[in-house]
Structure formats: C-alpha cells, structure tokens
file start.txt (compact mmCIF, N, CA and C atoms)
# COMPACT_ATOMS: atom_id res chain seq x y z
N MET N 273 106.60 101.32 -173.97
CA MET N 273 105.65 102.40 -173.86
C MET N 273 104.25 101.87 -174.22
N LYS N 274 103.26 102.20 -173.39
CA LYS N 274 101.89 101.77 -173.64
C LYS N 274 101.27 102.56 -174.78
N THR N 275 100.40 101.91 -175.52
CA THR N 275 99.68 102.60 -176.58
C THR N 275 98.51 103.37 -175.95
N ILE N 276 97.99 104.31 -176.71
CA ILE N 276 96.81 105.05 -176.26
C ILE N 276 95.66 104.08 -176.00
N GLN N 277 95.44 103.14 -176.92
CA GLN N 277 94.34 102.21 -176.76
C GLN N 277 94.46 101.42 -175.46
N LEU N 278 95.63 100.91 -175.17
CA LEU N 278 95.84 100.12 -173.96
C LEU N 278 95.64 100.98 -172.70
N THR N 279 96.15 102.20 -172.72
CA THR N 279 96.00 103.09 -171.56
C THR N 279 94.55 103.44 -171.31
N ILE N 280 93.80 103.78 -172.36
CA ILE N 280 92.38 104.09 -172.21
C ILE N 280 91.64 102.85 -171.73
N ASN N 281 91.92 101.72 -172.34
CA ASN N 281 91.28 100.46 -171.96
C ASN N 281 91.48 100.18 -170.47
N GLU N 282 92.72 100.28 -170.00
CA GLU N 282 93.02 100.03 -168.59
C GLU N 282 92.35 101.05 -167.67
N ALA N 283 92.35 102.32 -168.05
CA ALA N 283 91.74 103.37 -167.22
C ALA N 283 90.24 103.11 -167.05
N LEU N 284 89.56 102.78 -168.14
CA LEU N 284 88.13 102.54 -168.07
C LEU N 284 87.82 101.25 -167.31
N GLN N 285 88.62 100.21 -167.51
CA GLN N 285 88.44 98.96 -166.76
C GLN N 285 88.67 99.19 -165.27
N ASN N 286 89.73 99.90 -164.92
CA ASN N 286 90.04 100.16 -163.51
C ASN N 286 88.94 100.96 -162.82
N ALA N 287 88.24 101.81 -163.58
CA ALA N 287 87.15 102.61 -163.01
C ALA N 287 85.83 101.84 -163.01
N GLY N 288 85.81 100.65 -163.59
CA GLY N 288 84.61 99.83 -163.60
C GLY N 288 83.60 100.19 -164.67
N PHE N 289 84.00 100.94 -165.68
CA PHE N 289 83.09 101.30 -166.76
C PHE N 289 82.91 100.14 -167.72
N ARG N 290 81.71 99.98 -168.21
CA ARG N 290 81.46 99.11 -169.35
C ARG N 290 81.63 99.98 -170.58
N PHE N 291 82.38 99.52 -171.53
CA PHE N 291 82.67 100.37 -172.68
C PHE N 291 82.79 99.53 -173.94
N VAL N 292 82.73 100.21 -175.05
CA VAL N 292 82.92 99.60 -176.36
C VAL N 292 84.08 100.33 -177.02
N HIS N 293 84.97 99.59 -177.63
CA HIS N 293 86.08 100.18 -178.38
C HIS N 293 85.85 99.90 -179.85
N ASP N 294 85.53 100.92 -180.60
CA ASP N 294 85.37 100.82 -182.05
C ASP N 294 86.73 101.12 -182.67
N GLN N 295 87.46 100.07 -183.00
CA GLN N 295 88.82 100.25 -183.51
C GLN N 295 88.85 100.93 -184.87
N GLU N 296 87.82 100.70 -185.65
CA GLU N 296 87.79 101.30 -186.99
C GLU N 296 87.70 102.82 -186.90
N SER N 297 86.84 103.33 -186.01
CA SER N 297 86.72 104.78 -185.87
C SER N 297 87.63 105.34 -184.78
N GLU N 298 88.39 104.47 -184.11
CA GLU N 298 89.34 104.86 -183.07
C GLU N 298 88.68 105.62 -181.93
N VAL N 299 87.57 105.06 -181.43
CA VAL N 299 86.80 105.71 -180.36
C VAL N 299 86.37 104.67 -179.34
N PHE N 300 86.49 105.03 -178.07
CA PHE N 300 85.92 104.27 -176.96
C PHE N 300 84.62 104.96 -176.57
N TYR N 301 83.55 104.19 -176.36
CA TYR N 301 82.26 104.72 -175.94
C TYR N 301 81.91 104.15 -174.57
N PHE N 302 81.44 105.00 -173.67
CA PHE N 302 80.92 104.52 -172.40
C PHE N 302 79.85 105.49 -171.91
N THR N 303 79.07 105.06 -170.95
CA THR N 303 77.94 105.84 -170.46
C THR N 303 78.22 106.35 -169.06
N MET N 304 77.82 107.60 -168.82
CA MET N 304 77.90 108.18 -167.48
C MET N 304 76.53 108.75 -167.15
N GLN N 305 76.29 108.94 -165.87
CA GLN N 305 75.00 109.48 -165.43
C GLN N 305 75.24 110.64 -164.50
N GLU N 306 74.50 111.70 -164.70
CA GLU N 306 74.52 112.87 -163.83
C GLU N 306 73.08 113.16 -163.44
N GLY N 307 72.74 112.88 -162.20
CA GLY N 307 71.34 113.01 -161.77
C GLY N 307 70.50 112.02 -162.55
N ASN N 308 69.45 112.51 -163.18
CA ASN N 308 68.57 111.66 -163.98
C ASN N 308 68.98 111.58 -165.44
N VAL N 309 70.07 112.21 -165.79
CA VAL N 309 70.48 112.28 -167.19
C VAL N 309 71.62 111.30 -167.46
N GLU N 310 71.42 110.46 -168.46
CA GLU N 310 72.45 109.53 -168.89
C GLU N 310 72.95 109.97 -170.25
N TYR N 311 74.25 109.98 -170.42
CA TYR N 311 74.80 110.39 -171.70
C TYR N 311 76.03 109.56 -172.03
N THR N 312 76.32 109.53 -173.32
CA THR N 312 77.45 108.76 -173.81
C THR N 312 78.68 109.65 -173.87
N VAL N 313 79.78 109.12 -173.39
CA VAL N 313 81.07 109.81 -173.45
C VAL N 313 81.92 109.05 -174.46
N MET N 314 82.65 109.80 -175.26
CA MET N 314 83.50 109.20 -176.28
C MET N 314 84.94 109.67 -176.07
N LEU N 315 85.84 108.74 -176.07
CA LEU N 315 87.28 109.05 -176.04
C LEU N 315 87.85 108.60 -177.37
N GLY N 316 88.32 109.54 -178.15
CA GLY N 316 88.85 109.22 -179.46
C GLY N 316 90.31 109.58 -179.55
N TYR N 317 91.00 108.95 -180.46
CA TYR N 317 92.41 109.23 -180.67
C TYR N 317 92.67 109.23 -182.16
N ASP N 318 93.71 109.95 -182.55
CA ASP N 318 94.01 110.03 -183.99
C ASP N 318 94.90 108.87 -184.41
N GLU N 319 95.00 108.71 -185.70
CA GLU N 319 95.74 107.58 -186.27
C GLU N 319 97.21 107.58 -185.84
N GLU N 320 97.79 108.76 -185.67
CA GLU N 320 99.20 108.86 -185.27
C GLU N 320 99.37 108.67 -183.77
N GLN N 321 98.26 108.57 -183.04
CA GLN N 321 98.26 108.44 -181.59
C GLN N 321 98.98 109.61 -180.92
N SER N 322 98.73 110.80 -181.44
CA SER N 322 99.35 112.00 -180.86
C SER N 322 98.33 112.90 -180.19
N LEU N 323 97.05 112.62 -180.37
CA LEU N 323 95.99 113.47 -179.82
C LEU N 323 94.86 112.60 -179.29
N ILE N 324 94.38 112.94 -178.11
CA ILE N 324 93.20 112.28 -177.54
C ILE N 324 92.15 113.36 -177.34
N ARG N 325 90.92 113.03 -177.62
CA ARG N 325 89.84 113.97 -177.35
C ARG N 325 88.73 113.24 -176.60
N CYS N 326 88.11 113.96 -175.69
CA CYS N 326 86.97 113.45 -174.95
C CYS N 326 85.80 114.34 -175.34
N PHE N 327 84.70 113.74 -175.73
CA PHE N 327 83.54 114.56 -176.06
C PHE N 327 82.27 113.82 -175.69
N SER N 328 81.26 114.62 -175.44
CA SER N 328 79.96 114.08 -175.08
C SER N 328 78.89 114.98 -175.65
N ARG N 329 77.83 114.38 -176.13
CA ARG N 329 76.72 115.14 -176.71
C ARG N 329 75.67 115.37 -175.64
N ILE N 330 75.23 116.61 -175.53
CA ILE N 330 74.10 116.90 -174.65
C ILE N 330 72.86 116.39 -175.37
N PRO N 331 72.10 115.49 -174.73
CA PRO N 331 71.04 114.75 -175.44
C PRO N 331 69.78 115.57 -175.73
N VAL N 332 69.95 116.63 -176.52
CA VAL N 332 68.81 117.45 -176.94
C VAL N 332 69.22 118.21 -178.19
N ASN N 333 68.27 118.44 -179.07
CA ASN N 333 68.52 119.28 -180.22
C ASN N 333 68.02 120.69 -179.92
N VAL N 334 68.76 121.68 -180.35
CA VAL N 334 68.41 123.07 -180.09
C VAL N 334 67.43 123.53 -181.17
N PRO N 335 66.24 123.99 -180.76
CA PRO N 335 65.30 124.54 -181.75
C PRO N 335 65.91 125.77 -182.42
N GLU N 336 65.59 125.95 -183.67
CA GLU N 336 66.17 127.04 -184.45
C GLU N 336 65.99 128.41 -183.77
N HIS N 337 64.83 128.63 -183.17
CA HIS N 337 64.58 129.94 -182.54
C HIS N 337 65.36 130.15 -181.23
N LYS N 338 66.06 129.12 -180.76
CA LYS N 338 66.86 129.22 -179.53
C LYS N 338 68.37 129.23 -179.80
N VAL N 339 68.77 129.13 -181.05
CA VAL N 339 70.20 129.01 -181.38
C VAL N 339 70.99 130.21 -180.87
N ILE N 340 70.52 131.42 -181.10
CA ILE N 340 71.25 132.62 -180.66
C ILE N 340 71.39 132.62 -179.14
N ASP N 341 70.32 132.27 -178.43
CA ASP N 341 70.38 132.23 -176.97
C ASP N 341 71.38 131.18 -176.49
N ILE N 342 71.37 130.03 -177.14
CA ILE N 342 72.30 128.97 -176.76
C ILE N 342 73.74 129.38 -177.06
N LEU N 343 73.98 129.99 -178.21
CA LEU N 343 75.34 130.44 -178.54
C LEU N 343 75.83 131.49 -177.54
N THR N 344 74.94 132.38 -177.12
CA THR N 344 75.29 133.38 -176.09
C THR N 344 75.65 132.68 -174.79
N ALA N 345 74.85 131.69 -174.40
CA ALA N 345 75.12 130.95 -173.16
C ALA N 345 76.43 130.19 -173.27
N ILE N 346 76.68 129.55 -174.40
CA ILE N 346 77.93 128.81 -174.60
C ILE N 346 79.12 129.74 -174.45
N ASN N 347 79.03 130.92 -175.00
CA ASN N 347 80.12 131.89 -174.88
C ASN N 347 80.39 132.22 -173.41
N ILE N 348 79.34 132.40 -172.64
CA ILE N 348 79.49 132.67 -171.20
C ILE N 348 80.08 131.46 -170.50
N PHE N 349 79.54 130.28 -170.77
CA PHE N 349 80.03 129.06 -170.12
C PHE N 349 81.52 128.84 -170.43
N ASN N 350 81.88 128.93 -171.70
CA ASN N 350 83.26 128.67 -172.10
C ASN N 350 84.23 129.67 -171.48
N SER N 351 83.78 130.91 -171.25
CA SER N 351 84.66 131.90 -170.64
C SER N 351 84.97 131.57 -169.18
N LYS N 352 84.15 130.72 -168.56
CA LYS N 352 84.34 130.34 -167.16
C LYS N 352 85.17 129.06 -167.01
N GLU N 353 85.40 128.36 -168.10
CA GLU N 353 86.07 127.06 -168.03
C GLU N 353 87.51 127.17 -168.47
N LEU N 354 88.36 126.43 -167.79
CA LEU N 354 89.78 126.45 -168.12
C LEU N 354 90.16 125.33 -169.08
N PHE N 355 89.56 124.14 -168.89
CA PHE N 355 90.01 122.97 -169.64
C PHE N 355 89.02 122.44 -170.67
N GLY N 356 87.75 122.73 -170.53
CA GLY N 356 86.76 122.17 -171.44
C GLY N 356 86.13 123.25 -172.29
N ALA N 357 85.40 122.83 -173.29
CA ALA N 357 84.70 123.76 -174.16
C ALA N 357 83.40 123.12 -174.64
N MET N 358 82.39 123.94 -174.77
CA MET N 358 81.11 123.51 -175.29
C MET N 358 80.96 124.13 -176.68
N PHE N 359 80.34 123.41 -177.59
CA PHE N 359 80.11 123.98 -178.91
C PHE N 359 78.81 123.46 -179.49
N LEU N 360 78.30 124.19 -180.47
CA LEU N 360 77.07 123.84 -181.17
C LEU N 360 77.42 123.42 -182.58
N ASN N 361 77.00 122.22 -182.96
CA ASN N 361 77.11 121.78 -184.34
C ASN N 361 75.91 122.39 -185.06
N GLU N 362 76.16 123.42 -185.83
CA GLU N 362 75.06 124.18 -186.43
C GLU N 362 74.34 123.44 -187.55
N GLU N 363 74.98 122.43 -188.13
CA GLU N 363 74.30 121.65 -189.16
C GLU N 363 73.17 120.83 -188.57
N ARG N 364 73.37 120.34 -187.34
CA ARG N 364 72.38 119.48 -186.71
C ARG N 364 71.74 120.10 -185.48
N ASN N 365 72.21 121.29 -185.09
CA ASN N 365 71.75 121.96 -183.86
C ASN N 365 71.89 121.06 -182.64
N THR N 366 73.05 120.41 -182.55
CA THR N 366 73.35 119.57 -181.40
C THR N 366 74.49 120.18 -180.61
N LEU N 367 74.48 119.94 -179.31
CA LEU N 367 75.47 120.51 -178.40
C LEU N 367 76.46 119.43 -177.95
N PHE N 368 77.72 119.82 -177.88
CA PHE N 368 78.77 118.92 -177.43
C PHE N 368 79.66 119.62 -176.42
N VAL N 369 80.26 118.82 -175.56
CA VAL N 369 81.31 119.27 -174.66
C VAL N 369 82.56 118.49 -175.06
N ARG N 370 83.72 119.15 -175.06
CA ARG N 370 84.92 118.42 -175.48
C ARG N 370 86.16 118.93 -174.76
N THR N 371 87.13 118.04 -174.66
CA THR N 371 88.47 118.36 -174.16
C THR N 371 89.48 117.64 -175.06
N TYR N 372 90.70 118.15 -175.07
CA TYR N 372 91.76 117.57 -175.89
C TYR N 372 93.05 117.44 -175.08
N ALA N 373 93.90 116.52 -175.47
CA ALA N 373 95.25 116.44 -174.92
C ALA N 373 96.20 116.01 -176.03
N ASN N 374 97.31 116.68 -176.12
CA ASN N 374 98.36 116.32 -177.06
C ASN N 374 99.30 115.35 -176.35
N VAL N 375 99.42 114.17 -176.89
CA VAL N 375 100.31 113.15 -176.31
C VAL N 375 101.33 112.70 -177.34
N ASP N 376 101.74 113.65 -178.17
CA ASP N 376 102.66 113.37 -179.27
C ASP N 376 103.99 112.78 -178.80
N ASN N 377 104.40 113.13 -177.59
CA ASN N 377 105.67 112.63 -177.08
C ASN N 377 105.53 111.28 -176.39
N GLY N 378 104.36 110.68 -176.46
CA GLY N 378 104.14 109.37 -175.85
C GLY N 378 103.80 109.43 -174.37
N ALA N 379 103.66 110.63 -173.83
CA ALA N 379 103.34 110.79 -172.41
C ALA N 379 101.86 110.54 -172.20
N ILE N 380 101.52 109.29 -171.99
CA ILE N 380 100.12 108.93 -171.79
C ILE N 380 100.01 108.06 -170.55
N ASN N 381 99.06 108.40 -169.69
CA ASN N 381 98.81 107.60 -168.50
C ASN N 381 97.37 107.83 -168.06
N GLU N 382 96.93 107.12 -167.03
CA GLU N 382 95.54 107.23 -166.59
C GLU N 382 95.21 108.64 -166.11
N ALA N 383 96.17 109.33 -165.50
CA ALA N 383 95.91 110.70 -165.03
C ALA N 383 95.54 111.61 -166.19
N ILE N 384 96.18 111.42 -167.33
CA ILE N 384 95.84 112.23 -168.51
C ILE N 384 94.43 111.88 -168.99
N ILE N 385 94.10 110.60 -168.98
CA ILE N 385 92.76 110.18 -169.40
C ILE N 385 91.72 110.84 -168.50
N TRP N 386 91.90 110.76 -167.18
CA TRP N 386 90.93 111.37 -166.26
C TRP N 386 90.98 112.89 -166.33
N GLY N 387 92.14 113.44 -166.69
CA GLY N 387 92.24 114.88 -166.89
C GLY N 387 91.43 115.36 -168.09
N LEU N 388 91.11 114.45 -168.98
CA LEU N 388 90.21 114.77 -170.10
C LEU N 388 88.75 114.54 -169.74
N ILE N 389 88.49 113.44 -169.07
CA ILE N 389 87.10 113.07 -168.77
C ILE N 389 86.49 114.00 -167.72
N GLN N 390 87.22 114.31 -166.66
CA GLN N 390 86.65 115.08 -165.57
C GLN N 390 86.18 116.48 -165.97
N PRO N 391 86.96 117.28 -166.70
CA PRO N 391 86.43 118.60 -167.10
C PRO N 391 85.22 118.49 -168.03
N CYS N 392 85.24 117.48 -168.89
CA CYS N 392 84.10 117.26 -169.79
C CYS N 392 82.84 116.97 -168.97
N MET N 393 82.97 116.09 -167.99
CA MET N 393 81.82 115.73 -167.16
C MET N 393 81.41 116.87 -166.23
N GLN N 394 82.37 117.65 -165.77
CA GLN N 394 82.05 118.80 -164.92
C GLN N 394 81.24 119.83 -165.69
N MET N 395 81.58 120.04 -166.95
CA MET N 395 80.79 120.96 -167.76
C MET N 395 79.37 120.44 -167.96
N MET N 396 79.23 119.15 -168.17
CA MET N 396 77.88 118.58 -168.29
C MET N 396 77.10 118.83 -167.00
N LYS N 397 77.75 118.60 -165.88
CA LYS N 397 77.11 118.79 -164.59
C LYS N 397 76.73 120.27 -164.37
N ASN N 398 77.63 121.16 -164.69
CA ASN N 398 77.40 122.58 -164.44
C ASN N 398 76.38 123.21 -165.37
N TYR N 399 76.32 122.77 -166.62
CA TYR N 399 75.57 123.52 -167.61
C TYR N 399 74.40 122.79 -168.25
N TYR N 400 74.20 121.54 -167.91
CA TYR N 400 73.07 120.81 -168.48
C TYR N 400 71.74 121.48 -168.12
N VAL N 401 71.52 121.76 -166.86
CA VAL N 401 70.25 122.36 -166.42
C VAL N 401 70.07 123.75 -167.02
N PRO N 402 71.07 124.63 -166.98
CA PRO N 402 70.87 125.94 -167.62
C PRO N 402 70.56 125.84 -169.12
N ILE N 403 71.19 124.89 -169.81
CA ILE N 403 70.89 124.69 -171.23
C ILE N 403 69.43 124.28 -171.42
N MET N 404 68.97 123.34 -170.59
CA MET N 404 67.58 122.88 -170.69
C MET N 404 66.60 124.02 -170.39
N LYS N 405 66.94 124.85 -169.42
CA LYS N 405 66.07 125.99 -169.09
C LYS N 405 65.95 126.95 -170.26
N ILE N 406 67.06 127.19 -170.95
CA ILE N 406 67.02 128.07 -172.11
C ILE N 406 66.18 127.44 -173.23
N ILE N 407 66.41 126.18 -173.50
CA ILE N 407 65.72 125.53 -174.61
C ILE N 407 64.22 125.40 -174.35
N TYR N 408 63.84 125.03 -173.12
CA TYR N 408 62.44 124.72 -172.85
C TYR N 408 61.67 125.83 -172.16
N SER N 409 62.25 127.01 -172.06
CA SER N 409 61.51 128.11 -171.47
C SER N 409 61.37 129.22 -172.48
N GLU N 410 60.66 130.22 -172.09
CA GLU N 410 60.52 131.39 -172.95
C GLU N 410 61.60 132.43 -172.63
N MET N 411 62.53 132.07 -171.73
CA MET N 411 63.58 132.98 -171.34
C MET N 411 64.47 133.29 -172.54
N ILE N 412 64.79 134.55 -172.71
CA ILE N 412 65.69 134.98 -173.77
C ILE N 412 66.86 135.68 -173.10
N ILE N 413 68.08 135.20 -173.32
CA ILE N 413 69.24 135.80 -172.64
C ILE N 413 70.02 136.73 -173.55
N SER N 414 69.68 136.78 -174.84
CA SER N 414 70.48 137.59 -175.76
C SER N 414 70.10 139.07 -175.73
N ASN N 415 69.06 139.43 -175.00
CA ASN N 415 68.67 140.85 -174.92
C ASN N 415 69.40 141.55 -173.81

call {"tool": "encode", "arguments": {"input": "start.txt", "output": "structure tokens"}}
result
Amino acid sequence: MKTIQLTINEALQNAGFRFVHDQESEVFYFTMQEGNVEYTVMLGYDEEQSLIRCFSRIPVNVPEHKVIDILTAINIFNSKELFGAMFLNEERNTLFVRTYANVDNGAINEAIIWGLIQPCMQMMKNYYVPIMKIIYSEMIISN
C-alpha cells in the first residue's frame, strides 16, 4: 500500500507541478495560477495518515470594516458548494479555501488527491473576484 506522501508526490510530479514537501510540518506546497492571480496550495496530512486536507489562502487581508460583509459572502458561497468551504481566520483576517478527505482505511490514490485540489481551485476561481470587489469597493452586502 502506498503512503500518503508517496501518492501526493507522484500526483504532483505526474501533473508537472514544482513543489516542496516539508516533512516536519507534513505539508506539500505548490503554486497555481488563475488569471493574473498566483497563489500557494498546500496539501497536508496528519501524523496517522488518515486525513488529507487541501487549503489555499486568498492573498489579501480583510479590512476590519469589511469582515461582516465577507462573512455574509462566505456564507452564501459555502451554501453553493458541495465539496469545498471558505473560511475567515478572524485572528489575522485572512481568507482560506479548504477541502478534506478521510483516508483512514488506506484508500489513497491520485483521483482522491485531485478530488481535493479541484474543488479548492474551483472555489478560488469562482469567488476570488467577488471577494476582491467586496474588499476594495464601497459595496455593502449585509444590508
């Protein structure tokens, strides 16, 4: 049976990604681009190798006066998504998109890896521009 590390490594190599594997933090890092926006994608796994998560940070900090509007938008976005979720780290006012897969039974393959990455990237594609419009405009959606 292949390990999570080996499966992720092979999936990223087969797709032609340049990546870094930080074994200490159990995370693979690689870069993707959507339009003019480049962002880092992280694939992490737990010590027991039973859970994989894919997450990416939207490269902007949310101004304090826009937090309620962003949280309202996130609620709307998440209600439309089946596999991914967006969240706000309120300590830093940073936005993330994430997906998870339980592979406790050892069922790990490239399809599962892409099943994590694709919804995460689709959310970035679908909601990056609306998030930027909320943050950088005077538009208020919470009213």

call {"tool": "closest_residue", "arguments": {"input": "start.txt", "among": "N:Phe291, N:Phe368, N:Tyr317, N:Phe327", "to": "Ile342 in chain N", "atoms": "only C-alpha atoms"}}
result
N:Phe368

call {"tool": "residues_around", "arguments": {"input": "start.txt", "residues": "Met358 in chain N", "least_positions_apart": "5", "cutoff": "8 Å", "atoms": "all atoms listed in the file", "output": "VMD selection string"}}
result
chain N and resid 346 to 347 349 to 351 367 to 371 395

call {"tool": "atom_distance", "arguments": {"input": "start.txt", "atom1": "atom C of Gln390 in chain N", "atom2": "atom N of Glu336 in chain N"}}
result
28.8 Å

call {"tool": "closest_atom_pairs", "arguments": {"input": "start.txt", "of": "range 320-352 of chain N", "to": "range 372-388 of chain N", "cutoff": "7 Å", "atoms": "all atoms listed in the file", "output": "JSON lines"}}
result
{"residue": "N:Gln321", "atom": "C", "partner": "N:Val375", "partner_atom": "C", "distance": 5.3}
{"residue": "N:Ser322", "atom": "C", "partner": "N:Val375", "partner_atom": "N", "distance": 3.7}
{"residue": "N:Leu323", "atom": "N", "partner": "N:Val375", "partner_atom": "N", "distance": 4.5}
{"residue": "N:Ile324", "atom": "C", "partner": "N:Ala373", "partner_atom": "N", "distance": 4.1}
{"residue": "N:Arg325", "atom": "CA", "partner": "N:Tyr372", "partner_atom": "CA", "distance": 4.3}
{"residue": "N:Cys326", "atom": "N", "partner": "N:Tyr372", "partner_atom": "N", "distance": 5.0}

call {"tool": "atom_distance", "arguments": {"input": "start.txt", "atom1": "atom C of Tyr311 in chain N", "atom2": "atom N of Lys274 in chain N"}}
result
28.2 Å

call {"tool": "atom_distance", "arguments": {"input": "start.txt", "atom1": "atom N of Asp294 in chain N", "atom2": "atom N of Glu282 in chain N"}}
result
12.8 Å

call {"tool": "closest_residue", "arguments": {"input": "start.txt", "among": "N:Val313, N:Leu278, N:Ile340, N:Val292", "to": "Met393 in chain N", "atoms": "only C-alpha atoms"}}
result
N:Val313

call {"tool": "select_by_dssp", "arguments": {"input": "start.txt", "residues": "range 278-394 of chain N", "states": "strand (DSSP E)", "output": "PyMOL selection string"}}
result
chain N and resi 291-294+299-306+309-317+323-333+357-361+366-374

call {"tool": "residues_around", "arguments": {"input": "start.txt", "residues": "Val332 in chain N", "least_positions_apart": "6", "cutoff": "9 Å", "atoms": "only C-alpha atoms", "output": "PyMOL selection string"}}
result
chain N and resi 365-367+404+407

call {"tool": "closest_residue", "arguments": {"input": "start.txt", "among": "N:Leu343, N:Ile406, N:Met304, N:Val299", "to": "Glu319 in chain N", "atoms": "only C-alpha atoms"}}
result
N:Val299

call {"tool": "closest_residue", "arguments": {"input": "start.txt", "among": "N:Ala283, N:Lys352, N:Val334, N:Pro391", "to": "Arg364 in chain N", "atoms": "all atoms listed in the file"}}
result
N:Val334

call {"tool": "build_atoms", "arguments": {"input": "start.txt", "residues": "range 348-363 of chain N", "atoms": "N, CA, C and O atoms", "output": "tab-separated table (two decimals), keeping the file's coordinate frame"}}
result
chain	number	residue	atom	x	y	z
N	348	ILE	N	79.34	132.40	-172.64
N	348	ILE	CA	79.49	132.67	-171.20
N	348	ILE	C	80.08	131.46	-170.50
N	348	ILE	O	81.02	131.59	-169.70
N	349	PHE	N	79.54	130.28	-170.77
N	349	PHE	CA	80.03	129.06	-170.12
N	349	PHE	C	81.52	128.84	-170.43
N	349	PHE	O	82.31	128.54	-169.54
N	350	ASN	N	81.88	128.93	-171.70
N	350	ASN	CA	83.26	128.67	-172.10
N	350	ASN	C	84.23	129.67	-171.48
N	350	ASN	O	85.38	129.33	-171.19
N	351	SER	N	83.78	130.91	-171.25
N	351	SER	CA	84.66	131.90	-170.64
N	351	SER	C	84.97	131.57	-169.18
N	351	SER	O	85.96	132.04	-168.63
N	352	LYS	N	84.15	130.72	-168.56
N	352	LYS	CA	84.34	130.34	-167.16
N	352	LYS	C	85.17	129.06	-167.01
N	352	LYS	O	85.58	128.72	-165.90
N	353	GLU	N	85.40	128.36	-168.10
N	353	GLU	CA	86.07	127.06	-168.03
N	353	GLU	C	87.51	127.17	-168.47
N	353	GLU	O	87.84	127.86	-169.42
N	354	LEU	N	88.36	126.43	-167.79
N	354	LEU	CA	89.78	126.45	-168.12
N	354	LEU	C	90.16	125.33	-169.08
N	354	LEU	O	90.94	125.50	-170.00
N	355	PHE	N	89.56	124.14	-168.89
N	355	PHE	CA	90.01	122.97	-169.64
N	355	PHE	C	89.02	122.44	-170.67
N	355	PHE	O	89.41	121.72	-171.56
N	356	GLY	N	87.75	122.73	-170.53
N	356	GLY	CA	86.76	122.17	-171.44
N	356	GLY	C	86.13	123.25	-172.29
N	356	GLY	O	86.28	124.44	-172.02
N	357	ALA	N	85.40	122.83	-173.29
N	357	ALA	CA	84.70	123.76	-174.16
N	357	ALA	C	83.40	123.12	-174.64
N	357	ALA	O	83.34	121.92	-174.89
N	358	MET	N	82.39	123.94	-174.77
N	358	MET	CA	81.11	123.51	-175.29
N	358	MET	C	80.96	124.13	-176.68
N	358	MET	O	81.44	125.24	-176.91
N	359	PHE	N	80.34	123.41	-177.59
N	359	PHE	CA	80.11	123.98	-178.91
N	359	PHE	C	78.81	123.46	-179.49
N	359	PHE	O	78.27	122.44	-179.05
N	360	LEU	N	78.30	124.19	-180.47
N	360	LEU	CA	77.07	123.84	-181.17
N	360	LEU	C	77.42	123.42	-182.58
N	360	LEU	O	78.08	124.17	-183.31
N	361	ASN	N	77.00	122.22	-182.96
N	361	ASN	CA	77.11	121.78	-184.34
N	361	ASN	C	75.91	122.39	-185.06
N	361	ASN	O	74.78	121.94	-184.89
N	362	GLU	N	76.16	123.42	-185.83
N	362	GLU	CA	75.06	124.18	-186.43
N	362	GLU	C	74.34	123.44	-187.55
N	362	GLU	O	73.22	123.77	-187.88
N	363	GLU	N	74.98	122.43	-188.13
N	363	GLU	CA	74.30	121.65	-189.16
N	363	GLU	C	73.17	120.83	-188.57
N	363	GLU	O	72.14	120.62	-189.20
